[in-house]
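S.K.: Please read through the structure below; I'll follow up with questions.
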Amino acid sequence: MKVMIVEDDLLVRLGIKSMIAWAELGMEVVCEARDGAEALELFSVHLPDIALVDIGLPRMDGLEFIERVKHLRPDGEFIILTCNQDFELVRRALRLGVRDFFVKSTMEIEELQTMLLGLS
């Protein structure tokens with residue numbers, strides 16, 4: 001399965017990429033984006049099975065990104081990673097059919113890995 005990481009914080013992006021045993025899950029990180037506009041371009045090229053997406057991105061927020069690419073991969077899975085716990089954002093994410101919603105400040109990497117394991 002192909003995975004995309006959309007995160008503007010370099011350390012978070014590197015942490016997710018290095019702390020998860022992607023190959024053991026049968027997954028490969030095929031692309032990374034620092035902002036929503038870059039993510040839009042890369043998504044249409046790679047058509048990942050799974051996208052890990054931050055909401056608070058420069059140039060286009062994560063939810064708008066999902067809205068704009070969902071039709072390219074209707075069976076794709078979108079997982080939100082954010083610092084924002086605003087209920088309205090959670091509702092918007094749910095309406096978009098995101099698979100899960102993780103708050104970065106309280107997220108355990110094992111929790112994310114277990115959820116990804118269920119997708120493989």
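Naming works like this for the structure tokens: A, B, ... for the chains as they're shown, residue 1 at the start of each chain, ligands 1 onward in shown order.
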I want to know what sits within 12 Å of A:Gln113, based on only C-alpha atoms, with residues of the same chain fewer than 2 positions away left out; could you give that as an MDAnalysis selection string?
M.R.: chainID A and resid 16:27 52 79 102 107:111 115:120
S.K.: Would you save the residues of that selection, restricted to N, CA and C atoms, as a PDB file, in the first residue's frame?
M.R.:
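Output file out12.pdb follows:
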ATOM      1  N   ILE A  16       7.188  10.502  12.015  1.00  0.00           N
ATOM      2  CA  ILE A  16       6.205   9.534  11.506  1.00  0.00           C
ATOM      3  C   ILE A  16       6.869   8.586  10.512  1.00  0.00           C
ATOM      4  N   LYS A  17       7.674   9.140   9.632  1.00  0.00           N
ATOM      5  CA  LYS A  17       8.315   8.325   8.602  1.00  0.00           C
ATOM      6  C   LYS A  17       9.292   7.320   9.206  1.00  0.00           C
ATOM      7  N   SER A  18      10.027   7.727  10.236  1.00  0.00           N
ATOM      8  CA  SER A  18      11.069   6.853  10.776  1.00  0.00           C
ATOM      9  C   SER A  18      10.605   5.937  11.907  1.00  0.00           C
ATOM     10  N   MET A  19       9.544   6.277  12.606  1.00  0.00           N
ATOM     11  CA  MET A  19       9.137   5.500  13.780  1.00  0.00           C
ATOM     12  C   MET A  19       8.153   4.378  13.475  1.00  0.00           C
ATOM     13  N   ILE A  20       7.632   4.358  12.277  1.00  0.00           N
ATOM     14  CA  ILE A  20       6.684   3.302  11.907  1.00  0.00           C
ATOM     15  C   ILE A  20       7.392   2.312  10.983  1.00  0.00           C
ATOM     16  N   ALA A  21       7.215   1.042  11.263  1.00  0.00           N
ATOM     17  CA  ALA A  21       7.829  -0.019  10.451  1.00  0.00           C
ATOM     18  C   ALA A  21       6.966  -0.248   9.216  1.00  0.00           C
ATOM     19  N   TRP A  22       7.093   0.647   8.251  1.00  0.00           N
ATOM     20  CA  TRP A  22       6.237   0.634   7.066  1.00  0.00           C
ATOM     21  C   TRP A  22       6.290  -0.693   6.321  1.00  0.00           C
ATOM     22  N   ALA A  23       7.480  -1.205   6.076  1.00  0.00           N
ATOM     23  CA  ALA A  23       7.617  -2.457   5.319  1.00  0.00           C
ATOM     24  C   ALA A  23       6.929  -3.618   6.021  1.00  0.00           C
ATOM     25  N   GLU A  24       7.026  -3.647   7.358  1.00  0.00           N
ATOM     26  CA  GLU A  24       6.358  -4.713   8.124  1.00  0.00           C
ATOM     27  C   GLU A  24       4.845  -4.633   7.996  1.00  0.00           C
ATOM     28  N   LEU A  25       4.328  -3.435   7.729  1.00  0.00           N
ATOM     29  CA  LEU A  25       2.891  -3.256   7.544  1.00  0.00           C
ATOM     30  C   LEU A  25       2.468  -3.493   6.094  1.00  0.00           C
ATOM     31  N   GLY A  26       3.447  -3.747   5.230  1.00  0.00           N
ATOM     32  CA  GLY A  26       3.147  -3.904   3.814  1.00  0.00           C
ATOM     33  C   GLY A  26       2.874  -2.569   3.143  1.00  0.00           C
ATOM     34  N   MET A  27       3.510  -1.513   3.675  1.00  0.00           N
ATOM     35  CA  MET A  27       3.278  -0.160   3.186  1.00  0.00           C
ATOM     36  C   MET A  27       4.592   0.510   2.834  1.00  0.00           C
ATOM     37  N   LEU A  52      -1.859  10.528   5.398  1.00  0.00           N
ATOM     38  CA  LEU A  52      -1.837  11.064   6.751  1.00  0.00           C
ATOM     39  C   LEU A  52      -1.762  12.573   6.592  1.00  0.00           C
ATOM     40  N   ILE A  79      -6.364   9.979   7.047  1.00  0.00           N
ATOM     41  CA  ILE A  79      -6.214   9.991   8.496  1.00  0.00           C
ATOM     42  C   ILE A  79      -5.728  11.380   8.895  1.00  0.00           C
ATOM     43  N   PHE A 102      -6.400  11.893  14.849  1.00  0.00           N
ATOM     44  CA  PHE A 102      -5.455  11.830  15.960  1.00  0.00           C
ATOM     45  C   PHE A 102      -5.008  13.229  16.353  1.00  0.00           C
ATOM     46  N   MET A 107      -1.101  11.692  20.874  1.00  0.00           N
ATOM     47  CA  MET A 107      -1.021  10.482  20.071  1.00  0.00           C
ATOM     48  C   MET A 107       0.201   9.645  20.441  1.00  0.00           C
ATOM     49  N   GLU A 108      -0.014   8.365  20.551  1.00  0.00           N
ATOM     50  CA  GLU A 108       1.074   7.404  20.728  1.00  0.00           C
ATOM     51  C   GLU A 108       1.340   6.785  19.360  1.00  0.00           C
ATOM     52  N   ILE A 109       2.599   6.674  18.977  1.00  0.00           N
ATOM     53  CA  ILE A 109       2.945   6.137  17.666  1.00  0.00           C
ATOM     54  C   ILE A 109       2.426   4.711  17.501  1.00  0.00           C
ATOM     55  N   GLU A 110       2.378   3.954  18.605  1.00  0.00           N
ATOM     56  CA  GLU A 110       1.856   2.585  18.561  1.00  0.00           C
ATOM     57  C   GLU A 110       0.376   2.580  18.199  1.00  0.00           C
ATOM     58  N   GLU A 111      -0.342   3.583  18.682  1.00  0.00           N
ATOM     59  CA  GLU A 111      -1.770   3.714  18.388  1.00  0.00           C
ATOM     60  C   GLU A 111      -1.981   3.930  16.883  1.00  0.00           C
ATOM     61  N   MET A 115      -3.651   1.238  14.097  1.00  0.00           N
ATOM     62  CA  MET A 115      -4.736   1.616  13.198  1.00  0.00           C
ATOM     63  C   MET A 115      -4.325   1.336  11.751  1.00  0.00           C
ATOM     64  N   LEU A 116      -3.076   1.644  11.393  1.00  0.00           N
ATOM     65  CA  LEU A 116      -2.588   1.385  10.034  1.00  0.00           C
ATOM     66  C   LEU A 116      -2.551  -0.121   9.749  1.00  0.00           C
ATOM     67  N   LEU A 117      -2.190  -0.898  10.729  1.00  0.00           N
ATOM     68  CA  LEU A 117      -2.153  -2.355  10.583  1.00  0.00           C
ATOM     69  C   LEU A 117      -3.526  -2.881  10.174  1.00  0.00           C
ATOM     70  N   GLY A 118      -4.576  -2.273  10.712  1.00  0.00           N
ATOM     71  CA  GLY A 118      -5.936  -2.670  10.352  1.00  0.00           C
ATOM     72  C   GLY A 118      -6.290  -2.360   8.912  1.00  0.00           C
ATOM     73  N   LEU A 119      -5.543  -1.477   8.270  1.00  0.00           N
ATOM     74  CA  LEU A 119      -5.799  -1.120   6.877  1.00  0.00           C
ATOM     75  C   LEU A 119      -5.034  -1.990   5.897  1.00  0.00           C
ATOM     76  N   SER A 120      -3.988  -2.641   6.387  1.00  0.00           N
ATOM     77  CA  SER A 120      -3.135  -3.408   5.456  1.00  0.00           C
ATOM     78  C   SER A 120      -3.698  -4.789   5.166  1.00  0.00           C
TER      79      SER A 120
END
S.K.: If you run DSSP over the backbone, which residues in chain A end up strand (DSSP E)? Put them as a ChimeraX atom specification.
M.R.: /A:2-6,28-33,50-54,77-82,100-103
S.K.: Near stretch 39-43 of chain A, within 7 Å and counting only C-alpha atoms, which residues show up once chain neighbours fewer than 4 positions away are dropped, as a PyMOL selection string?
M.R.: chain A and resi 6+33+35+47-48+65+69
S.K.: Keeping only N, CA, C and O atoms, take the residues you just selected and write them out as a compact mmCIF listing (two decimals), in the first residue's frame.
M.R.:
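out02.txt was written with the following content:
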# COMPACT_ATOMS: atom_id res chain seq x y z
N VAL A 6 1.33 14.30 4.74
CA VAL A 6 1.13 15.72 4.48
C VAL A 6 1.22 16.44 5.82
O VAL A 6 0.28 16.42 6.63
N ALA A 33 4.53 15.91 1.65
CA ALA A 33 4.24 17.29 1.26
C ALA A 33 4.28 18.19 2.48
O ALA A 33 3.90 17.78 3.57
N ASP A 35 2.83 21.36 2.38
CA ASP A 35 1.65 22.24 2.37
C ASP A 35 0.58 21.62 1.48
O ASP A 35 0.83 20.66 0.76
N LEU A 47 -1.28 8.85 -6.36
CA LEU A 47 -2.55 8.22 -5.97
C LEU A 47 -2.37 7.23 -4.81
O LEU A 47 -2.62 6.03 -4.95
N PRO A 48 -1.94 7.74 -3.65
CA PRO A 48 -1.70 6.85 -2.51
C PRO A 48 -2.97 6.20 -1.99
O PRO A 48 -4.07 6.73 -2.15
N PHE A 65 -7.76 20.09 1.11
CA PHE A 65 -6.98 19.14 0.30
C PHE A 65 -7.76 17.84 0.10
O PHE A 65 -7.90 17.35 -1.01
N VAL A 69 -9.18 16.07 -3.48
CA VAL A 69 -8.59 14.86 -4.07
C VAL A 69 -9.41 13.60 -3.89
O VAL A 69 -9.14 12.60 -4.54
S.K.: Expressed in Å to a single decimal, how great is the separation between atom CA of A:Glu38 and atom CA of A:Pro58?
M.R.: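 Atom-to-atom, atom CA of A:Glu38 to atom CA of A:Pro58, that is 9.8 Å.
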S.K.: Would you please extract all helix (DSSP H, G or I) residues from stretch 50-93 of chain A, as assigned by DSSP on the backbone, and give them as an MDAnalysis selection string?
M.R.: chainID A and resid 62:72 87:93
S.K.: Counting only C-alpha atoms, which of A:Leu63, A:Val12, A:Val3, A:Val90 gets nearest to A:Cys31?
M.R.: A:Val3
S.K.: Tell me which protein, DNA and RNA residues are within 12 Å of A:Val53, counting only C-alpha atoms, leaving out same-chain ones fewer than 2 positions away, and put them as a compact mmCIF listing (two decimals) with all heavy atoms, in the first residue's frame.
M.R.:
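Final output, saved to part-v6.txt:
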# COMPACT_ATOMS: atom_id res chain seq x y z
N VAL A 3 1.62 5.14 0.83
CA VAL A 3 1.26 6.11 1.88
C VAL A 3 1.84 7.47 1.54
O VAL A 3 2.96 7.59 1.04
CB VAL A 3 1.80 5.65 3.26
CG1 VAL A 3 1.50 6.68 4.34
CG2 VAL A 3 1.24 4.29 3.63
N MET A 4 1.06 8.50 1.83
CA MET A 4 1.49 9.89 1.68
C MET A 4 1.43 10.56 3.04
O MET A 4 0.47 10.35 3.78
CB MET A 4 0.55 10.60 0.70
CG MET A 4 0.76 12.07 0.59
SD MET A 4 -0.45 12.80 -0.54
CE MET A 4 0.48 14.18 -1.14
N ILE A 5 2.44 11.37 3.35
CA ILE A 5 2.44 12.14 4.60
C ILE A 5 2.36 13.62 4.23
O ILE A 5 3.21 14.13 3.49
CB ILE A 5 3.71 11.87 5.43
CG1 ILE A 5 3.81 10.39 5.78
CG2 ILE A 5 3.71 12.74 6.70
CD1 ILE A 5 5.13 9.99 6.45
N VAL A 6 1.33 14.30 4.74
CA VAL A 6 1.13 15.72 4.48
C VAL A 6 1.22 16.44 5.82
O VAL A 6 0.28 16.42 6.63
CB VAL A 6 -0.24 15.98 3.81
CG1 VAL A 6 -0.38 17.45 3.47
CG2 VAL A 6 -0.43 15.10 2.59
N GLU A 7 2.37 17.06 6.07
CA GLU A 7 2.66 17.68 7.37
C GLU A 7 3.66 18.81 7.15
O GLU A 7 4.70 18.59 6.52
CB GLU A 7 3.23 16.62 8.31
CG GLU A 7 3.80 17.11 9.60
CD GLU A 7 2.78 17.79 10.49
OE1 GLU A 7 1.78 17.17 10.86
OE2 GLU A 7 3.02 18.97 10.82
N ASP A 8 3.35 20.00 7.67
CA ASP A 8 4.26 21.13 7.47
C ASP A 8 5.42 21.15 8.45
O ASP A 8 6.45 21.77 8.18
CB ASP A 8 3.50 22.46 7.51
CG ASP A 8 2.78 22.71 8.83
OD1 ASP A 8 2.35 21.75 9.48
OD2 ASP A 8 2.63 23.89 9.19
N ASP A 9 5.32 20.44 9.56
CA ASP A 9 6.39 20.40 10.55
C ASP A 9 7.37 19.28 10.18
O ASP A 9 7.03 18.10 10.23
CB ASP A 9 5.80 20.16 11.94
CG ASP A 9 6.83 20.23 13.05
OD1 ASP A 9 7.93 19.66 12.89
OD2 ASP A 9 6.52 20.84 14.09
N VAL A 12 7.92 16.43 12.80
CA VAL A 12 6.78 15.51 12.89
C VAL A 12 6.78 14.58 11.69
O VAL A 12 6.61 13.37 11.82
CB VAL A 12 5.44 16.28 12.99
CG1 VAL A 12 4.25 15.33 12.92
CG2 VAL A 12 5.38 17.09 14.28
N ARG A 13 7.02 15.14 10.51
CA ARG A 13 7.05 14.34 9.28
C ARG A 13 8.15 13.27 9.36
O ARG A 13 7.92 12.10 9.08
CB ARG A 13 7.29 15.27 8.08
CG ARG A 13 6.70 14.78 6.82
CD ARG A 13 6.67 15.82 5.70
NE ARG A 13 7.95 16.43 5.40
CZ ARG A 13 8.20 17.73 5.52
NH1 ARG A 13 7.26 18.56 5.94
NH2 ARG A 13 9.38 18.22 5.20
N ILE A 16 7.19 10.50 12.01
CA ILE A 16 6.20 9.53 11.51
C ILE A 16 6.87 8.59 10.51
O ILE A 16 6.68 7.37 10.56
CB ILE A 16 5.01 10.26 10.84
CG1 ILE A 16 4.19 10.99 11.90
CG2 ILE A 16 4.13 9.28 10.07
CD1 ILE A 16 3.17 11.96 11.33
N GLU A 32 5.87 12.91 0.33
CA GLU A 32 5.65 13.77 1.48
C GLU A 32 5.39 15.18 0.96
O GLU A 32 6.00 15.59 -0.02
CB GLU A 32 6.88 13.81 2.38
CG GLU A 32 7.33 12.47 2.90
CD GLU A 32 8.67 12.57 3.60
OE1 GLU A 32 8.87 13.50 4.40
OE2 GLU A 32 9.52 11.71 3.32
N ALA A 33 4.53 15.91 1.65
CA ALA A 33 4.24 17.29 1.26
C ALA A 33 4.28 18.19 2.48
O ALA A 33 3.90 17.78 3.57
CB ALA A 33 2.87 17.37 0.59
N ARG A 34 4.73 19.43 2.26
CA ARG A 34 4.84 20.42 3.34
C ARG A 34 3.65 21.34 3.41
O ARG A 34 3.49 22.07 4.38
CB ARG A 34 6.09 21.28 3.13
CG ARG A 34 7.38 20.52 3.17
CD ARG A 34 8.48 21.41 2.69
NE ARG A 34 8.13 21.80 1.32
CZ ARG A 34 9.01 22.01 0.36
NH1 ARG A 34 10.27 21.91 0.60
NH2 ARG A 34 8.62 22.33 -0.86
N ASP A 35 2.83 21.36 2.38
CA ASP A 35 1.65 22.24 2.37
C ASP A 35 0.58 21.62 1.48
O ASP A 35 0.83 20.66 0.76
CB ASP A 35 2.02 23.66 1.92
CG ASP A 35 2.56 23.73 0.51
OD1 ASP A 35 1.84 23.32 -0.43
OD2 ASP A 35 3.70 24.20 0.32
N GLY A 36 -0.61 22.20 1.56
CA GLY A 36 -1.74 21.63 0.83
C GLY A 36 -1.61 21.68 -0.67
O GLY A 36 -2.02 20.75 -1.37
N ALA A 39 0.75 19.00 -1.73
CA ALA A 39 0.06 17.73 -1.53
C ALA A 39 -0.90 17.43 -2.68
O ALA A 39 -0.98 16.30 -3.15
CB ALA A 39 -0.69 17.74 -0.20
N LEU A 40 -1.60 18.45 -3.13
CA LEU A 40 -2.54 18.30 -4.24
C LEU A 40 -1.83 17.78 -5.49
O LEU A 40 -2.29 16.84 -6.14
CB LEU A 40 -3.21 19.64 -4.51
CG LEU A 40 -4.38 19.69 -5.46
CD1 LEU A 40 -5.53 18.84 -4.95
CD2 LEU A 40 -4.84 21.12 -5.64
N PHE A 43 -0.45 14.10 -4.81
CA PHE A 43 -1.52 13.10 -4.71
C PHE A 43 -1.95 12.65 -6.11
O PHE A 43 -2.10 11.45 -6.35
CB PHE A 43 -2.72 13.66 -3.94
CG PHE A 43 -3.73 12.61 -3.60
CD1 PHE A 43 -3.70 11.97 -2.38
CD2 PHE A 43 -4.73 12.25 -4.50
CE1 PHE A 43 -4.62 10.98 -2.05
CE2 PHE A 43 -5.67 11.26 -4.19
CZ PHE A 43 -5.61 10.63 -2.96
N ILE A 50 -3.31 5.57 1.24
CA ILE A 50 -3.51 6.19 2.55
C ILE A 50 -2.81 7.54 2.57
O ILE A 50 -1.66 7.64 2.13
CB ILE A 50 -2.92 5.31 3.68
CG1 ILE A 50 -3.57 3.93 3.68
CG2 ILE A 50 -3.06 5.98 5.04
CD1 ILE A 50 -2.85 2.91 4.55
N ALA A 51 -3.48 8.55 3.09
CA ALA A 51 -2.85 9.86 3.28
C ALA A 51 -2.99 10.26 4.74
O ALA A 51 -4.11 10.30 5.27
CB ALA A 51 -3.48 10.90 2.38
N ILE A 55 -4.23 19.19 9.50
CA ILE A 55 -5.27 20.14 9.09
C ILE A 55 -4.66 21.52 8.85
O ILE A 55 -4.91 22.16 7.85
CB ILE A 55 -6.40 20.25 10.14
CG1 ILE A 55 -7.21 18.96 10.15
CG2 ILE A 55 -7.31 21.43 9.82
CD1 ILE A 55 -8.32 18.93 11.19
N GLY A 56 -3.83 21.98 9.78
CA GLY A 56 -3.28 23.33 9.71
C GLY A 56 -2.08 23.43 8.80
O GLY A 56 -0.94 23.45 9.26
N LEU A 57 -2.32 23.48 7.51
CA LEU A 57 -1.25 23.54 6.51
C LEU A 57 -1.22 24.90 5.84
O LEU A 57 -2.26 25.52 5.66
CB LEU A 57 -1.47 22.48 5.43
CG LEU A 57 -1.44 21.03 5.84
CD1 LEU A 57 -1.95 20.15 4.72
CD2 LEU A 57 -0.03 20.63 6.23
N MET A 60 -3.14 25.73 1.71
CA MET A 60 -4.43 25.06 1.59
C MET A 60 -4.53 24.13 2.80
O MET A 60 -3.65 23.33 3.02
CB MET A 60 -4.50 24.22 0.30
CG MET A 60 -5.79 23.44 0.15
SD MET A 60 -5.75 22.24 -1.23
CE MET A 60 -5.11 23.18 -2.57
N ASP A 61 -5.60 24.26 3.58
CA ASP A 61 -5.68 23.41 4.77
C ASP A 61 -5.95 21.96 4.39
O ASP A 61 -6.35 21.65 3.27
CB ASP A 61 -6.67 23.96 5.80
CG ASP A 61 -8.13 23.75 5.46
OD1 ASP A 61 -8.49 22.65 4.98
OD2 ASP A 61 -8.93 24.66 5.71
N GLY A 62 -5.70 21.07 5.34
CA GLY A 62 -5.80 19.65 5.09
C GLY A 62 -7.18 19.18 4.70
O GLY A 62 -7.32 18.26 3.87
N LEU A 63 -8.21 19.78 5.25
CA LEU A 63 -9.57 19.36 4.91
C LEU A 63 -9.93 19.77 3.49
O LEU A 63 -10.58 19.01 2.76
CB LEU A 63 -10.57 19.91 5.93
CG LEU A 63 -10.41 19.36 7.35
CD1 LEU A 63 -11.43 19.98 8.28
CD2 LEU A 63 -10.49 17.84 7.38
N GLU A 64 -9.51 20.96 3.08
CA GLU A 64 -9.75 21.36 1.69
C GLU A 64 -8.98 20.45 0.74
O GLU A 64 -9.50 20.05 -0.31
CB GLU A 64 -9.32 22.81 1.46
CG GLU A 64 -9.60 23.28 0.06
CD GLU A 64 -9.18 24.71 -0.22
OE1 GLU A 64 -8.88 25.46 0.73
OE2 GLU A 64 -9.13 25.07 -1.41
N PHE A 65 -7.76 20.09 1.11
CA PHE A 65 -6.98 19.14 0.30
C PHE A 65 -7.76 17.84 0.10
O PHE A 65 -7.90 17.35 -1.01
CB PHE A 65 -5.62 18.88 0.96
CG PHE A 65 -4.98 17.60 0.53
CD1 PHE A 65 -4.44 17.46 -0.74
CD2 PHE A 65 -4.93 16.51 1.39
CE1 PHE A 65 -3.85 16.25 -1.14
CE2 PHE A 65 -4.35 15.31 1.01
CZ PHE A 65 -3.81 15.18 -0.27
N ILE A 66 -8.29 17.29 1.21
CA ILE A 66 -9.05 16.03 1.12
C ILE A 66 -10.26 16.21 0.22
O ILE A 66 -10.54 15.35 -0.64
CB ILE A 66 -9.45 15.53 2.53
CG1 ILE A 66 -8.20 15.12 3.31
CG2 ILE A 66 -10.44 14.36 2.42
CD1 ILE A 66 -8.46 14.86 4.79
N GLU A 77 -7.91 6.07 1.91
CA GLU A 77 -8.12 6.32 3.33
C GLU A 77 -7.39 7.60 3.73
O GLU A 77 -6.22 7.78 3.38
CB GLU A 77 -7.58 5.15 4.17
CG GLU A 77 -8.24 3.82 3.88
CD GLU A 77 -9.66 3.70 4.42
OE1 GLU A 77 -10.14 4.64 5.10
OE2 GLU A 77 -10.28 2.66 4.18
N PHE A 78 -8.07 8.46 4.46
CA PHE A 78 -7.49 9.71 4.94
C PHE A 78 -7.51 9.70 6.46
O PHE A 78 -8.55 9.44 7.07
CB PHE A 78 -8.26 10.90 4.39
CG PHE A 78 -8.18 11.01 2.89
CD1 PHE A 78 -9.10 10.38 2.08
CD2 PHE A 78 -7.15 11.72 2.30
CE1 PHE A 78 -9.02 10.45 0.70
CE2 PHE A 78 -7.05 11.81 0.92
CZ PHE A 78 -7.99 11.17 0.12
N ILE A 79 -6.36 9.98 7.05
CA ILE A 79 -6.21 9.99 8.50
C ILE A 79 -5.73 11.38 8.90
O ILE A 79 -4.72 11.86 8.36
CB ILE A 79 -5.21 8.92 8.95
CG1 ILE A 79 -5.73 7.53 8.54
CG2 ILE A 79 -4.98 9.00 10.46
CD1 ILE A 79 -4.67 6.48 8.45
N ILE A 80 -6.45 12.01 9.79
CA ILE A 80 -6.11 13.36 10.24
C ILE A 80 -5.14 13.30 11.42
O ILE A 80 -5.37 12.56 12.37
CB ILE A 80 -7.38 14.13 10.67
CG1 ILE A 80 -8.36 14.30 9.51
CG2 ILE A 80 -7.02 15.48 11.29
CD1 ILE A 80 -7.89 15.18 8.40
N LEU A 81 -4.07 14.09 11.33
CA LEU A 81 -3.12 14.30 12.41
C LEU A 81 -3.11 15.81 12.67
O LEU A 81 -2.75 16.57 11.76
CB LEU A 81 -1.72 13.84 12.02
CG LEU A 81 -1.58 12.41 11.50
CD1 LEU A 81 -0.16 12.17 11.00
CD2 LEU A 81 -1.92 11.42 12.59
N THR A 82 -3.49 16.24 13.85
CA THR A 82 -3.59 17.67 14.08
C THR A 82 -3.35 18.03 15.54
O THR A 82 -3.43 17.18 16.43
CB THR A 82 -4.98 18.19 13.64
OG1 THR A 82 -5.01 19.61 13.72
CG2 THR A 82 -6.09 17.61 14.50
N CYS A 83 -3.06 19.28 15.76
CA CYS A 83 -2.98 19.83 17.13
C CYS A 83 -4.31 20.44 17.53
O CYS A 83 -4.55 20.74 18.68
CB CYS A 83 -1.88 20.89 17.21
SG CYS A 83 -0.24 20.22 17.02
N ALA A 93 -14.31 16.83 9.13
CA ALA A 93 -13.50 15.65 8.78
C ALA A 93 -14.39 14.42 8.67
O ALA A 93 -14.25 13.62 7.74
CB ALA A 93 -12.40 15.45 9.82
N VAL A 98 -13.20 10.73 6.67
CA VAL A 98 -11.86 10.36 7.10
C VAL A 98 -11.92 9.11 7.96
O VAL A 98 -12.91 8.84 8.63
CB VAL A 98 -11.13 11.50 7.87
CG1 VAL A 98 -10.98 12.73 7.01
CG2 VAL A 98 -11.80 11.82 9.18
N ARG A 99 -10.86 8.32 7.92
CA ARG A 99 -10.79 7.05 8.63
C ARG A 99 -10.63 7.24 10.13
O ARG A 99 -11.23 6.54 10.93
CB ARG A 99 -9.63 6.24 8.07
CG ARG A 99 -9.35 4.98 8.81
CD ARG A 99 -10.50 4.05 8.73
NE ARG A 99 -10.02 2.74 8.38
CZ ARG A 99 -10.81 1.74 8.14
NH1 ARG A 99 -12.09 1.90 8.15
NH2 ARG A 99 -10.33 0.57 7.86
N ASP A 100 -9.75 8.20 10.52
CA ASP A 100 -9.49 8.42 11.93
C ASP A 100 -8.97 9.84 12.13
O ASP A 100 -8.60 10.52 11.17
CB ASP A 100 -8.48 7.40 12.47
CG ASP A 100 -8.77 6.98 13.90
OD1 ASP A 100 -9.29 7.80 14.67
OD2 ASP A 100 -8.48 5.82 14.23
N PHE A 101 -8.93 10.26 13.39
CA PHE A 101 -8.57 11.63 13.75
C PHE A 101 -7.68 11.54 14.98
O PHE A 101 -8.14 11.10 16.03
CB PHE A 101 -9.87 12.39 14.09
CG PHE A 101 -9.73 13.87 14.17
CD1 PHE A 101 -10.14 14.68 13.13
CD2 PHE A 101 -9.22 14.47 15.32
CE1 PHE A 101 -10.04 16.05 13.21
CE2 PHE A 101 -9.13 15.84 15.41
CZ PHE A 101 -9.53 16.64 14.35
N PHE A 102 -6.40 11.89 14.85
CA PHE A 102 -5.46 11.83 15.96
C PHE A 102 -5.01 13.23 16.35
O PHE A 102 -4.67 14.04 15.49
CB PHE A 102 -4.21 11.02 15.57
CG PHE A 102 -4.44 9.56 15.41
CD1 PHE A 102 -4.75 9.02 14.18
CD2 PHE A 102 -4.35 8.71 16.51
CE1 PHE A 102 -4.97 7.66 14.03
CE2 PHE A 102 -4.57 7.35 16.36
CZ PHE A 102 -4.88 6.82 15.13
N VAL A 103 -4.99 13.50 17.65
CA VAL A 103 -4.45 14.75 18.18
C VAL A 103 -2.97 14.49 18.45
O VAL A 103 -2.62 13.63 19.26
CB VAL A 103 -5.20 15.20 19.45
CG1 VAL A 103 -4.57 16.47 20.02
CG2 VAL A 103 -6.68 15.42 19.14
N LYS A 104 -2.10 15.23 17.76
CA LYS A 104 -0.66 14.96 17.82
C LYS A 104 -0.10 15.03 19.23
O LYS A 104 0.78 14.24 19.58
CB LYS A 104 0.09 15.93 16.91
CG LYS A 104 -0.09 15.63 15.44
CD LYS A 104 0.80 16.50 14.59
CE LYS A 104 0.08 17.72 14.14
NZ LYS A 104 0.84 18.54 13.21
S.K.: May I ask for the distance between atom CA of A:His46 and atom CA of A:Leu89, given in Å to one decimal place?
M.R.: 26.6 Å
S.K.: Suppose you want the space between atom CA of A:Arg73 and atom CA of A:Met1; what is it in Å?
M.R.: 13.1 Å
S.K.: Taking only C-alpha atoms into account, name the residue in A:Leu11, A:Asp75, A:Val30, A:Asn84 that is nearest to A:Gly97.
M.R.: A:Asp75
